[in-house]
>>> print(open('data_20.cif').read())   # mmCIF, C-alpha atoms and all ligand atoms
data_start
#
loop_
_atom_site.label_atom_id
_atom_site.label_comp_id
_atom_site.auth_asym_id
_atom_site.auth_seq_id
_atom_site.Cartn_x
_atom_site.Cartn_y
_atom_site.Cartn_z
CA ALA A 11 -32.52 -20.30 -163.02
CA LYS A 12 -34.16 -21.10 -159.69
CA LYS A 13 -31.71 -20.45 -156.82
CA VAL A 14 -31.57 -23.56 -154.65
CA LEU A 15 -29.72 -24.19 -151.41
CA ILE A 16 -29.49 -27.91 -150.72
CA ASP A 17 -29.21 -29.04 -147.09
CA THR A 18 -28.05 -32.64 -147.09
CA ASP A 19 -26.63 -35.68 -145.28
CA PRO A 20 -24.96 -37.49 -148.19
CA GLY A 21 -26.00 -40.27 -148.36
CA ILE A 22 -26.56 -42.50 -151.40
CA ASP A 23 -29.88 -41.01 -152.51
CA ASP A 24 -28.63 -37.54 -151.52
CA THR A 25 -25.80 -38.16 -153.98
CA MET A 26 -28.27 -39.02 -156.73
CA ALA A 27 -30.28 -35.90 -155.89
CA ILE A 28 -27.25 -33.59 -155.87
CA LEU A 29 -25.91 -34.95 -159.15
CA THR A 30 -29.37 -34.53 -160.70
CA ALA A 31 -29.45 -30.94 -159.46
CA PHE A 32 -26.00 -30.16 -160.85
CA ASN A 33 -27.10 -31.60 -164.18
CA SER A 34 -30.17 -29.35 -164.34
CA PRO A 35 -29.62 -25.93 -165.92
CA GLU A 36 -33.03 -24.83 -164.58
CA LEU A 37 -31.44 -24.78 -161.10
CA GLU A 38 -28.62 -22.65 -159.75
CA ILE A 39 -27.12 -24.44 -156.74
CA VAL A 40 -26.03 -21.63 -154.42
CA GLY A 41 -24.54 -23.92 -151.80
CA LEU A 42 -24.62 -27.23 -150.01
CA THR A 43 -25.09 -27.25 -146.25
CA THR A 44 -24.50 -30.48 -144.40
CA VAL A 45 -26.14 -32.18 -141.47
CA PHE A 46 -25.68 -35.47 -139.60
CA GLY A 47 -28.11 -38.23 -140.56
CA ASN A 48 -27.01 -40.88 -142.99
CA SER A 49 -23.58 -40.73 -141.39
CA VAL A 50 -21.74 -38.61 -138.84
CA ILE A 51 -21.35 -34.94 -139.78
CA GLU A 52 -17.65 -35.28 -140.62
CA ASN A 53 -18.46 -37.88 -143.28
CA CYS A 54 -21.46 -35.96 -144.62
CA THR A 55 -19.37 -32.80 -145.04
CA ALA A 56 -16.50 -34.68 -146.70
CA ASN A 57 -19.01 -36.33 -149.04
CA ALA A 58 -20.56 -32.98 -149.99
CA LEU A 59 -17.08 -31.65 -150.81
CA ARG A 60 -16.37 -34.75 -152.88
CA LEU A 61 -19.58 -34.19 -154.82
CA VAL A 62 -18.88 -30.56 -155.74
CA GLU A 63 -15.46 -31.72 -156.92
CA LEU A 64 -16.85 -34.63 -158.91
CA ALA A 65 -19.34 -32.22 -160.47
CA ARG A 66 -16.46 -29.87 -161.34
CA ARG A 67 -18.19 -27.17 -159.32
CA PRO A 68 -15.61 -26.32 -156.63
CA ASP A 69 -17.06 -22.79 -156.75
CA VAL A 70 -20.18 -24.04 -154.92
CA PRO A 71 -19.70 -23.38 -151.20
CA VAL A 72 -20.14 -26.18 -148.69
CA ALA A 73 -21.03 -25.20 -145.12
CA SER A 74 -20.80 -27.81 -142.39
CA GLY A 75 -23.70 -27.96 -139.96
CA ALA A 76 -25.25 -29.77 -137.04
CA GLY A 77 -23.70 -32.98 -135.77
CA ARG A 78 -26.60 -33.87 -133.55
CA PRO A 79 -30.29 -33.08 -133.06
CA MET A 80 -31.42 -29.88 -131.30
CA VAL A 81 -32.91 -31.45 -128.20
CA VAL A 82 -32.70 -35.19 -127.77
CA ASP A 83 -30.10 -37.52 -129.13
CA ALA A 84 -31.84 -39.86 -131.53
CA GLU A 85 -29.86 -43.00 -132.12
CA LEU A 86 -28.18 -43.02 -135.53
CA ILE A 87 -28.96 -46.25 -137.29
CA ALA A 88 -28.20 -45.33 -140.89
CA ALA A 89 -24.95 -47.25 -141.39
CA PRO A 90 -26.71 -50.38 -142.73
CA VAL A 91 -28.59 -48.16 -145.20
CA HIS A 92 -25.81 -45.94 -146.58
CA GLY A 93 -22.59 -47.65 -145.46
CA GLU A 94 -20.13 -46.58 -142.76
CA ASP A 95 -18.94 -43.66 -144.90
CA GLY A 96 -22.43 -42.59 -146.02
CA MET A 97 -21.47 -43.37 -149.62
CA GLY A 98 -22.03 -47.11 -149.78
CA ASN A 99 -18.58 -47.98 -148.41
CA THR A 100 -16.85 -46.61 -151.51
CA HIS A 101 -14.23 -44.99 -149.22
CA LEU A 102 -13.26 -42.35 -151.75
CA PRO A 103 -10.07 -40.31 -151.37
CA ALA A 104 -10.27 -37.27 -149.11
CA PRO A 105 -11.66 -34.16 -150.81
CA GLN A 106 -9.31 -31.31 -151.79
CA GLY A 107 -11.58 -28.46 -150.68
CA GLN A 108 -12.65 -27.13 -147.31
CA PRO A 109 -16.01 -26.05 -145.96
CA VAL A 110 -16.57 -22.30 -145.64
CA GLY A 111 -15.77 -20.63 -142.31
CA MET A 112 -19.33 -20.43 -141.03
CA SER A 113 -21.90 -22.89 -139.84
CA ALA A 114 -24.64 -24.22 -142.08
CA ALA A 115 -27.28 -22.23 -140.18
CA GLU A 116 -25.26 -19.02 -140.54
CA PHE A 117 -24.74 -19.73 -144.23
CA ILE A 118 -28.47 -20.27 -144.74
CA VAL A 119 -29.33 -17.00 -142.98
CA LYS A 120 -26.71 -15.03 -144.92
CA THR A 121 -27.75 -16.46 -148.28
CA VAL A 122 -31.46 -15.82 -147.69
CA LEU A 123 -30.87 -12.24 -146.46
CA GLU A 124 -28.70 -11.49 -149.50
CA ASN A 125 -31.31 -12.89 -151.93
CA PRO A 126 -34.69 -11.88 -150.50
CA GLY A 127 -37.58 -13.83 -152.00
CA GLU A 128 -35.31 -15.85 -154.28
CA ILE A 129 -33.96 -18.84 -152.36
CA THR A 130 -35.60 -22.25 -152.39
CA LEU A 131 -34.37 -24.39 -149.51
CA ALA A 132 -34.18 -28.10 -150.36
CA PRO A 133 -33.55 -30.08 -147.16
CA LEU A 134 -32.71 -33.74 -147.81
CA GLY A 135 -31.78 -34.72 -144.25
CA PRO A 136 -32.79 -34.02 -140.64
CA LEU A 137 -34.10 -30.45 -140.34
CA THR A 138 -31.69 -29.29 -137.61
CA ASN A 139 -29.86 -26.66 -139.68
CA ILE A 140 -33.10 -25.22 -141.01
CA ALA A 141 -34.60 -24.88 -137.52
CA LEU A 142 -31.36 -23.36 -136.19
CA ALA A 143 -31.37 -20.84 -139.05
CA LEU A 144 -34.96 -19.89 -138.17
CA MET A 145 -33.93 -19.37 -134.54
CA LEU A 146 -30.88 -17.33 -135.52
CA GLU A 147 -32.91 -15.04 -137.79
CA PRO A 148 -36.70 -15.51 -137.70
CA LYS A 149 -37.03 -12.97 -140.54
CA ILE A 150 -35.91 -15.61 -143.04
CA ALA A 151 -39.38 -17.20 -142.82
CA GLY A 152 -40.74 -14.26 -144.81
CA LEU A 153 -37.81 -14.11 -147.22
CA VAL A 154 -37.44 -17.70 -148.39
CA LYS A 155 -39.23 -18.51 -151.63
CA GLU A 156 -40.13 -22.06 -150.68
CA VAL A 157 -38.93 -24.95 -148.49
CA VAL A 158 -39.17 -28.18 -150.47
CA LEU A 159 -38.16 -30.97 -148.12
CA MET A 160 -37.74 -34.71 -148.28
CA GLY A 161 -39.29 -36.08 -145.14
CA GLY A 162 -42.35 -37.37 -143.40
CA ALA A 163 -45.18 -39.73 -144.16
CA ALA A 164 -48.76 -38.45 -144.04
CA THR A 165 -50.73 -41.27 -145.64
CA VAL A 166 -48.36 -44.24 -145.48
CA PRO A 167 -46.30 -45.93 -142.72
CA GLY A 168 -42.89 -44.69 -141.65
CA ASN A 169 -39.57 -46.27 -142.49
CA ILE A 170 -37.47 -45.85 -139.34
CA SER A 171 -40.43 -46.71 -137.10
CA PRO A 172 -44.00 -47.75 -137.82
CA VAL A 173 -44.97 -44.06 -137.91
CA ALA A 174 -41.80 -42.03 -138.52
CA GLU A 175 -39.73 -41.26 -141.58
CA ALA A 176 -35.99 -41.12 -140.89
CA ASN A 177 -35.25 -37.43 -141.58
CA ILE A 178 -38.07 -36.27 -139.33
CA PHE A 179 -37.28 -38.88 -136.67
CA HIS A 180 -33.62 -37.85 -136.43
CA ASP A 181 -34.68 -34.38 -135.26
CA ALA A 182 -38.40 -34.23 -134.54
CA HIS A 183 -38.10 -30.95 -132.59
CA ALA A 184 -36.45 -29.27 -135.55
CA ALA A 185 -39.08 -30.65 -137.90
CA GLU A 186 -41.88 -29.37 -135.68
CA ARG A 187 -40.35 -25.87 -135.86
CA VAL A 188 -40.03 -26.03 -139.63
CA PHE A 189 -43.64 -27.15 -140.15
CA GLY A 190 -44.81 -24.62 -137.56
CA ALA A 191 -43.14 -21.58 -139.14
CA ASP A 192 -45.00 -19.16 -141.36
CA TRP A 193 -43.41 -20.02 -144.68
CA PRO A 194 -44.34 -22.16 -147.69
CA VAL A 195 -43.35 -25.77 -147.05
CA VAL A 196 -43.68 -28.57 -149.59
CA MET A 197 -43.45 -32.04 -148.06
CA VAL A 198 -42.03 -34.65 -150.41
CA GLY A 199 -42.45 -37.64 -148.13
CA LEU A 200 -42.72 -41.42 -148.24
CA ASP A 201 -46.24 -40.92 -149.63
CA VAL A 202 -44.61 -40.34 -153.00
CA THR A 203 -40.99 -41.43 -152.67
CA THR A 204 -41.85 -45.08 -151.98
CA ARG A 205 -44.04 -45.11 -155.10
CA VAL A 206 -41.13 -44.36 -157.39
CA MET A 207 -39.04 -47.48 -157.79
CA MET A 208 -35.62 -47.45 -159.39
CA THR A 209 -35.35 -50.99 -160.74
CA PRO A 210 -32.33 -53.04 -161.85
CA ALA A 211 -33.38 -52.35 -165.47
CA PHE A 212 -33.39 -48.60 -164.75
CA PHE A 213 -29.90 -48.81 -163.25
CA ASP A 214 -28.52 -51.03 -166.03
CA SER A 215 -29.69 -48.48 -168.52
CA ILE A 216 -28.15 -45.58 -166.55
CA PHE A 217 -24.84 -47.35 -166.07
CA LYS A 218 -24.46 -47.71 -169.84
CA ALA A 219 -23.76 -43.98 -169.96
CA ASP A 220 -20.48 -44.80 -168.16
CA THR A 221 -19.72 -41.29 -166.88
CA PRO A 222 -17.91 -40.39 -163.64
CA TYR A 223 -21.39 -39.86 -162.16
CA THR A 224 -22.83 -43.20 -163.17
CA ARG A 225 -19.64 -45.00 -162.17
CA LEU A 226 -19.94 -43.56 -158.64
CA LEU A 227 -23.62 -44.53 -158.45
CA GLN A 228 -22.75 -48.03 -159.58
CA LYS A 229 -20.18 -48.38 -156.80
CA MET A 230 -22.47 -47.03 -154.08
CA LEU A 231 -25.60 -48.89 -155.04
CA PRO A 232 -25.07 -52.43 -153.64
CA VAL A 233 -25.28 -51.26 -150.01
CA TYR A 234 -28.52 -49.38 -150.71
CA GLN A 235 -29.99 -52.32 -152.63
CA GLY A 236 -28.97 -54.60 -149.77
CA PHE A 237 -30.93 -52.50 -147.29
CA HIS A 238 -34.02 -52.43 -149.52
CA HIS A 239 -33.73 -56.18 -149.89
CA ASP A 240 -33.38 -56.91 -146.19
CA PHE A 241 -36.02 -54.43 -145.05
CA TYR A 242 -38.61 -54.56 -147.83
CA GLY A 243 -37.78 -57.79 -149.66
CA MET A 244 -37.11 -55.82 -152.83
CA ASN A 245 -34.83 -57.51 -155.36
CA GLY A 246 -32.43 -54.87 -156.63
CA SER A 247 -34.95 -52.03 -156.67
CA VAL A 248 -34.74 -48.99 -154.39
CA HIS A 249 -37.10 -46.17 -153.42
CA THR A 250 -36.53 -42.71 -154.82
CA HIS A 251 -36.39 -40.42 -151.79
CA ASP A 252 -34.13 -37.39 -152.12
CA PRO A 253 -34.13 -37.28 -155.94
CA SER A 254 -37.91 -36.80 -155.77
CA THR A 255 -37.34 -33.45 -154.09
CA ILE A 256 -35.22 -32.31 -157.02
CA THR A 257 -37.86 -33.67 -159.40
CA TYR A 258 -40.43 -31.51 -157.61
CA LEU A 259 -38.24 -28.44 -158.10
CA LEU A 260 -38.02 -29.17 -161.82
CA ARG A 261 -41.52 -30.48 -162.50
CA PRO A 262 -44.05 -29.80 -159.72
CA ASP A 263 -46.71 -30.76 -162.26
CA PHE A 264 -45.64 -34.42 -161.87
CA PHE A 265 -47.10 -34.39 -158.31
CA GLN A 266 -50.57 -34.32 -156.77
CA THR A 267 -50.67 -32.32 -153.55
CA GLU A 268 -52.97 -31.51 -150.64
CA GLU A 269 -52.87 -28.43 -148.41
CA TRP A 270 -52.69 -29.81 -144.89
CA PRO A 271 -51.27 -28.34 -141.68
CA VAL A 272 -48.59 -30.79 -140.50
CA HIS A 273 -47.64 -31.35 -136.87
CA VAL A 274 -44.72 -33.43 -135.65
CA GLU A 275 -44.86 -35.62 -132.56
CA THR A 276 -41.67 -35.00 -130.59
CA SER A 277 -41.68 -37.63 -127.85
CA GLY A 278 -42.42 -41.19 -126.97
CA ARG A 279 -42.86 -44.12 -129.25
CA CYS A 280 -44.46 -41.98 -131.96
CA ALA A 281 -41.63 -39.41 -132.07
CA GLY A 282 -41.16 -38.23 -135.62
CA PHE A 283 -44.75 -38.94 -136.67
CA THR A 284 -45.90 -36.30 -139.18
CA ILE A 285 -49.58 -35.77 -138.52
CA ALA A 286 -51.67 -34.14 -141.23
CA ASP A 287 -54.46 -32.15 -139.56
CA ARG A 288 -56.92 -32.43 -142.43
CA ALA A 289 -59.87 -30.83 -140.60
CA ARG A 290 -57.82 -28.07 -138.93
CA GLN A 291 -58.70 -29.40 -135.47
CA TRP A 292 -55.37 -28.37 -133.94
CA GLY A 293 -55.56 -24.69 -134.83
CA ASP A 294 -54.70 -22.65 -137.83
CA ARG A 295 -51.06 -23.49 -138.50
CA ARG A 296 -50.14 -22.55 -142.07
CA PRO A 297 -50.81 -25.61 -144.22
CA ALA A 298 -47.95 -27.38 -145.95
CA ARG A 299 -48.30 -28.60 -149.50
CA VAL A 300 -48.14 -32.35 -148.98
CA CYS A 301 -47.30 -34.52 -151.99
CA VAL A 302 -49.73 -37.44 -152.09
CA GLY A 303 -49.38 -38.70 -155.65
CA VAL A 304 -46.74 -38.77 -158.37
CA ASP A 305 -46.38 -39.73 -161.99
CA ALA A 306 -43.63 -42.28 -161.35
CA VAL A 307 -43.00 -43.01 -165.04
CA ALA A 308 -42.51 -39.34 -165.82
CA GLU A 309 -40.24 -38.86 -162.81
CA LEU A 310 -38.05 -41.85 -163.69
CA GLY A 311 -37.78 -40.63 -167.26
CA LEU A 312 -36.59 -37.23 -166.08
CA LEU A 313 -34.10 -38.70 -163.59
CA HIS A 314 -32.76 -41.10 -166.20
CA GLU A 315 -32.11 -38.24 -168.56
CA ARG A 316 -30.45 -36.04 -165.91
CA LEU A 317 -28.33 -38.75 -164.28
CA THR A 318 -26.81 -39.78 -167.60
CA ARG A 319 -25.73 -36.25 -168.59
CA TYR A 320 -22.12 -35.31 -168.09
C1 LIG B 1 -34.44 -40.26 -146.06
O1 LIG B 1 -33.58 -40.82 -145.07
C2 LIG B 1 -32.28 -41.00 -145.59
O2 LIG B 1 -31.88 -42.31 -145.41
C3 LIG B 1 -32.36 -40.68 -147.06
O3 LIG B 1 -31.17 -40.02 -147.51
C4 LIG B 1 -33.57 -39.82 -147.21
O4 LIG B 1 -33.25 -38.46 -147.08
C5 LIG B 1 -35.50 -41.28 -146.42
O5 LIG B 1 -36.27 -41.61 -145.31
CA CA B 2 -30.94 -37.67 -147.19
#
>>> encode(input="data_20.cif", output="C-alpha cells")
Amino acid sequence: AKKVLIDTDPGIDDTMAILTAFNSPELEIVGLTTVFGNSVIENCTANALRLVELARRPDVPVASGAGRPMVVDAELIAAPVHGEDGMGNTHLPAPQGQPVGMSAAEFIVKTVLENPGEITLAPLGPLTNIALALMLEPKIAGLVKEVVLMGGAATVPGNISPVAEANIFHDAHAAERVFGADWPVVMVGLDVTTRVMMTPAFFDSIFKADTPYTRLLQKMLPVYQGFHHDFYGMNGSVHTHDPSTITYLLRPDFFQTEEWPVHVETSGRCAGFTIADRARQWGDRRPARVCVGVDAVAELGLLHERLTRY
C-alpha cells in the first residue's frame, strides 16, 4: 500500500476525503496532521481525533499543528462554509484520544526520515505545517515521494477571492515555499475540484448505505450545501475539493495534467494567487504537475463506492 500522511483542517470535505482514504486498502494512512483553516486548530485537531475513532483506527497518530499562518494573519472566514465546529455544526462528543506529543511539522519530518522515498504527503488545508517541516529539515524535499495537495487555481477563478483559493490564501507564504521547493508537487486545485459536482441524487444514493460514515456525512452536509447555495446558487450540489486529492492518489489516470512552474503571490489584493508560469519566464523553478482536467463521472463512481463501504 502507498504510505500517505494526510495534513488536514477538518472540515466537511476533509472528512469525506479522510473517510475515503480509510476505506481504500491501496493506501496506508500513516498519520493525520492538523492545521487551522476551516476552523480554529483546537477544533480541527479534535475533529481529526473523532475521525480516527469513527474509522476504528485509533492506532493512527494525530499530530496537532499550526494555529495561524507563518507570516501574516489572514482572516479566517470559513465558519459559514464548514460550521462553527468545522463539522457542519454537528457538535459531536469530545474525542477519547489525544494528539501525539510533537508538533505536526516535527511529526512530518520524523515520518519522512524514517521512511525515505516512501511517504506521499496529502495536504488538504493551508500549507503551514508542510512549509514548517521543510524549514525544520530541508532534507525532506529529497526524501518525500510526492506532495499531492488540494489548493490553488491555475486556469479558473479563486473561491475566497477573485484570484485565490482558500487553502493557498490562508497561508500564501507557506504555499510559495512548498511550490518553490525541489520536490514533486501535484496541484489538485479548483481547476478540477469545481468540475466534480456531488449532487442531491449522489448523496441520496450514498445515504442509503446507512453506515456510521454516511450518517455523519448526512448530518454535516446541510451547512456545506447552504454555502454552495448562497455563494454559487447551487441547489443541493457541492464541489468535490479534498476528496479529489484522494481520488488522485488512487487513480491518477482520471486526471489530465500539465507541467507548469507555480508561483504564489504573497501580498496585496492578489495574495494567494497561484500563477502558472507556462513559458518559464520567471526562472527555472521545478514545475508542478497541475491537474487541469478530470473524468468527473469516473471520480464520482469511485467516491460513491468508497464512501459507502464500512
Ligand atoms: C479548500 O478550502 C476548504 O474550505 C476545503 O476544506 C478545501 O480544502 C477548498 O478551497
Ligand atoms: Ca480542507
>>> closest_residue(input="data_20.cif", among="A:Pro232, A:Gly282, A:Gly246, A:Gly41", to="ligand LIG 1 (chain B)", atoms="all atoms listed in the file")
A:Gly282
>>> residues_near_ligand(input="data_20.cif", ligand="ligand CA 2 (chain B)", cutoff="9 Å", atoms="only C-alpha atoms and all ligand atoms", output="PDB file with C-alpha atoms, in the frame of the given file")
ATOM      1  CA  ASP A  17     -29.210 -29.040-147.090  1.00  0.00           C
ATOM      2  CA  THR A  18     -28.050 -32.640-147.090  1.00  0.00           C
ATOM      3  CA  ASP A  19     -26.630 -35.680-145.280  1.00  0.00           C
ATOM      4  CA  PRO A  20     -24.960 -37.490-148.190  1.00  0.00           C
ATOM      5  CA  GLY A  21     -26.000 -40.270-148.360  1.00  0.00           C
ATOM      6  CA  ILE A  22     -26.560 -42.500-151.400  1.00  0.00           C
ATOM      7  CA  ASP A  23     -29.880 -41.010-152.510  1.00  0.00           C
ATOM      8  CA  ASP A  24     -28.630 -37.540-151.520  1.00  0.00           C
ATOM      9  CA  THR A  25     -25.800 -38.160-153.980  1.00  0.00           C
ATOM     10  CA  ALA A  27     -30.280 -35.900-155.890  1.00  0.00           C
ATOM     11  CA  GLY A  47     -28.110 -38.230-140.560  1.00  0.00           C
ATOM     12  CA  ASN A  48     -27.010 -40.880-142.990  1.00  0.00           C
ATOM     13  CA  PRO A 133     -33.550 -30.080-147.160  1.00  0.00           C
ATOM     14  CA  LEU A 134     -32.710 -33.740-147.810  1.00  0.00           C
ATOM     15  CA  GLY A 135     -31.780 -34.720-144.250  1.00  0.00           C
ATOM     16  CA  PRO A 136     -32.790 -34.020-140.640  1.00  0.00           C
ATOM     17  CA  MET A 160     -37.740 -34.710-148.280  1.00  0.00           C
ATOM     18  CA  GLY A 161     -39.290 -36.080-145.140  1.00  0.00           C
ATOM     19  CA  ALA A 176     -35.990 -41.120-140.890  1.00  0.00           C
ATOM     20  CA  ASN A 177     -35.250 -37.430-141.580  1.00  0.00           C
ATOM     21  CA  HIS A 251     -36.390 -40.420-151.790  1.00  0.00           C
ATOM     22  CA  ASP A 252     -34.130 -37.390-152.120  1.00  0.00           C
TER      23      ASP A 252
END
>>> atom_distance(input="data_20.cif", atom1="atom CA of A:Ala298", atom2="atom CA of A:Trp193")
8.7 Å
>>> closest_residue(input="data_20.cif", among="A:Pro68, A:Gly77, A:Gly107, A:Gly98", to="A:Met230", atoms="all atoms listed in the file")
A:Gly98
>>> closest_residue(input="data_20.cif", among="A:Phe217, A:Phe117, A:Phe212, A:Tyr258", to="A:Leu37", atoms="all atoms listed in the file")
A:Tyr258
>>> residues_around(input="data_20.cif", residues="A:Phe241", least_positions_apart="6", cutoff="12 Å", atoms="only C-alpha atoms", output="ChimeraX atom specification")
/A:90-91,169-171,234-235,247-249
>>> write_last_selection(input="data_20.cif", atoms="C-alpha atoms", output="short mmCIF file (atom, residue, chain, number, x, y, z; two decimals), keeping the file's coordinate frame")
data_model
loop_
_atom_site.label_atom_id
_atom_site.label_comp_id
_atom_site.auth_asym_id
_atom_site.auth_seq_id
_atom_site.Cartn_x
_atom_site.Cartn_y
_atom_site.Cartn_z
CA PRO A 90 -26.71 -50.38 -142.73
CA VAL A 91 -28.59 -48.16 -145.20
CA ASN A 169 -39.57 -46.27 -142.49
CA ILE A 170 -37.47 -45.85 -139.34
CA SER A 171 -40.43 -46.71 -137.10
CA TYR A 234 -28.52 -49.38 -150.71
CA GLN A 235 -29.99 -52.32 -152.63
CA SER A 247 -34.95 -52.03 -156.67
CA VAL A 248 -34.74 -48.99 -154.39
CA HIS A 249 -37.10 -46.17 -153.42
#
>>> residues_around(input="data_20.cif", residues="A:Thr100", least_positions_apart="2", cutoff="9 Å", atoms="only C-alpha atoms", output="VMD selection string")
chain A and resid 93 95 to 98 102 226 229 to 230
>>> closest_residue(input="data_20.cif", among="A:Leu131, A:Val202, A:Leu142, A:Ala281", to="A:Ser113", atoms="all atoms listed in the file")
A:Leu142
>>> residues_around(input="data_20.cif", residues="A:Thr221", least_positions_apart="5", cutoff="10 Å", atoms="only C-alpha atoms", output="list of chain:residue names")
A:Ile216, A:Leu226, A:Leu227, A:Leu317, A:Thr318, A:Arg319, A:Tyr320
>>> atom_distance(input="data_20.cif", atom1="atom CA of A:Pro105", atom2="atom CA of A:Arg60")
5.2 Å
>>> closest_residue(input="data_20.cif", among="A:Met80, A:Ala31, A:Leu159, A:Val62", to="ligand LIG 1 (chain B)", atoms="all atoms listed in the file")
A:Leu159
>>> build_atoms(input="data_20.cif", residues="stretch 177-188 of chain A", atoms="N, CA and C atoms", output="PDB file, keeping the file's coordinate frame")
ATOM      1  N   ASN A 177     -35.715 -38.825-141.716  1.00  0.00           N
ATOM      2  CA  ASN A 177     -35.250 -37.430-141.580  1.00  0.00           C
ATOM      3  C   ASN A 177     -35.983 -36.708-140.464  1.00  0.00           C
ATOM      4  N   ILE A 178     -37.280 -36.937-140.364  1.00  0.00           N
ATOM      5  CA  ILE A 178     -38.070 -36.270-139.330  1.00  0.00           C
ATOM      6  C   ILE A 178     -37.721 -36.857-137.966  1.00  0.00           C
ATOM      7  N   PHE A 179     -37.590 -38.179-137.918  1.00  0.00           N
ATOM      8  CA  PHE A 179     -37.280 -38.880-136.670  1.00  0.00           C
ATOM      9  C   PHE A 179     -35.955 -38.412-136.080  1.00  0.00           C
ATOM     10  N   HIS A 180     -34.954 -38.205-136.941  1.00  0.00           N
ATOM     11  CA  HIS A 180     -33.620 -37.850-136.430  1.00  0.00           C
ATOM     12  C   HIS A 180     -33.592 -36.490-135.751  1.00  0.00           C
ATOM     13  N   ASP A 181     -34.538 -35.608-136.043  1.00  0.00           N
ATOM     14  CA  ASP A 181     -34.680 -34.380-135.260  1.00  0.00           C
ATOM     15  C   ASP A 181     -36.122 -33.885-135.321  1.00  0.00           C
ATOM     16  N   ALA A 182     -36.965 -34.533-134.520  1.00  0.00           N
ATOM     17  CA  ALA A 182     -38.400 -34.230-134.540  1.00  0.00           C
ATOM     18  C   ALA A 182     -38.680 -32.805-134.053  1.00  0.00           C
ATOM     19  N   HIS A 183     -37.889 -32.324-133.080  1.00  0.00           N
ATOM     20  CA  HIS A 183     -38.100 -30.950-132.590  1.00  0.00           C
ATOM     21  C   HIS A 183     -37.834 -29.938-133.694  1.00  0.00           C
ATOM     22  N   ALA A 184     -36.767 -30.171-134.437  1.00  0.00           N
ATOM     23  CA  ALA A 184     -36.450 -29.270-135.550  1.00  0.00           C
ATOM     24  C   ALA A 184     -37.560 -29.300-136.587  1.00  0.00           C
ATOM     25  N   ALA A 185     -38.029 -30.507-136.891  1.00  0.00           N
ATOM     26  CA  ALA A 185     -39.080 -30.650-137.900  1.00  0.00           C
ATOM     27  C   ALA A 185     -40.350 -29.925-137.466  1.00  0.00           C
ATOM     28  N   GLU A 186     -40.686 -30.038-136.183  1.00  0.00           N
ATOM     29  CA  GLU A 186     -41.880 -29.370-135.680  1.00  0.00           C
ATOM     30  C   GLU A 186     -41.763 -27.850-135.847  1.00  0.00           C
ATOM     31  N   ARG A 187     -40.561 -27.308-135.649  1.00  0.00           N
ATOM     32  CA  ARG A 187     -40.350 -25.870-135.860  1.00  0.00           C
ATOM     33  C   ARG A 187     -40.490 -25.491-137.336  1.00  0.00           C
ATOM     34  N   VAL A 188     -39.983 -26.350-138.193  1.00  0.00           N
ATOM     35  CA  VAL A 188     -40.030 -26.030-139.630  1.00  0.00           C
ATOM     36  C   VAL A 188     -41.474 -26.060-140.138  1.00  0.00           C
TER      37      VAL A 188
END
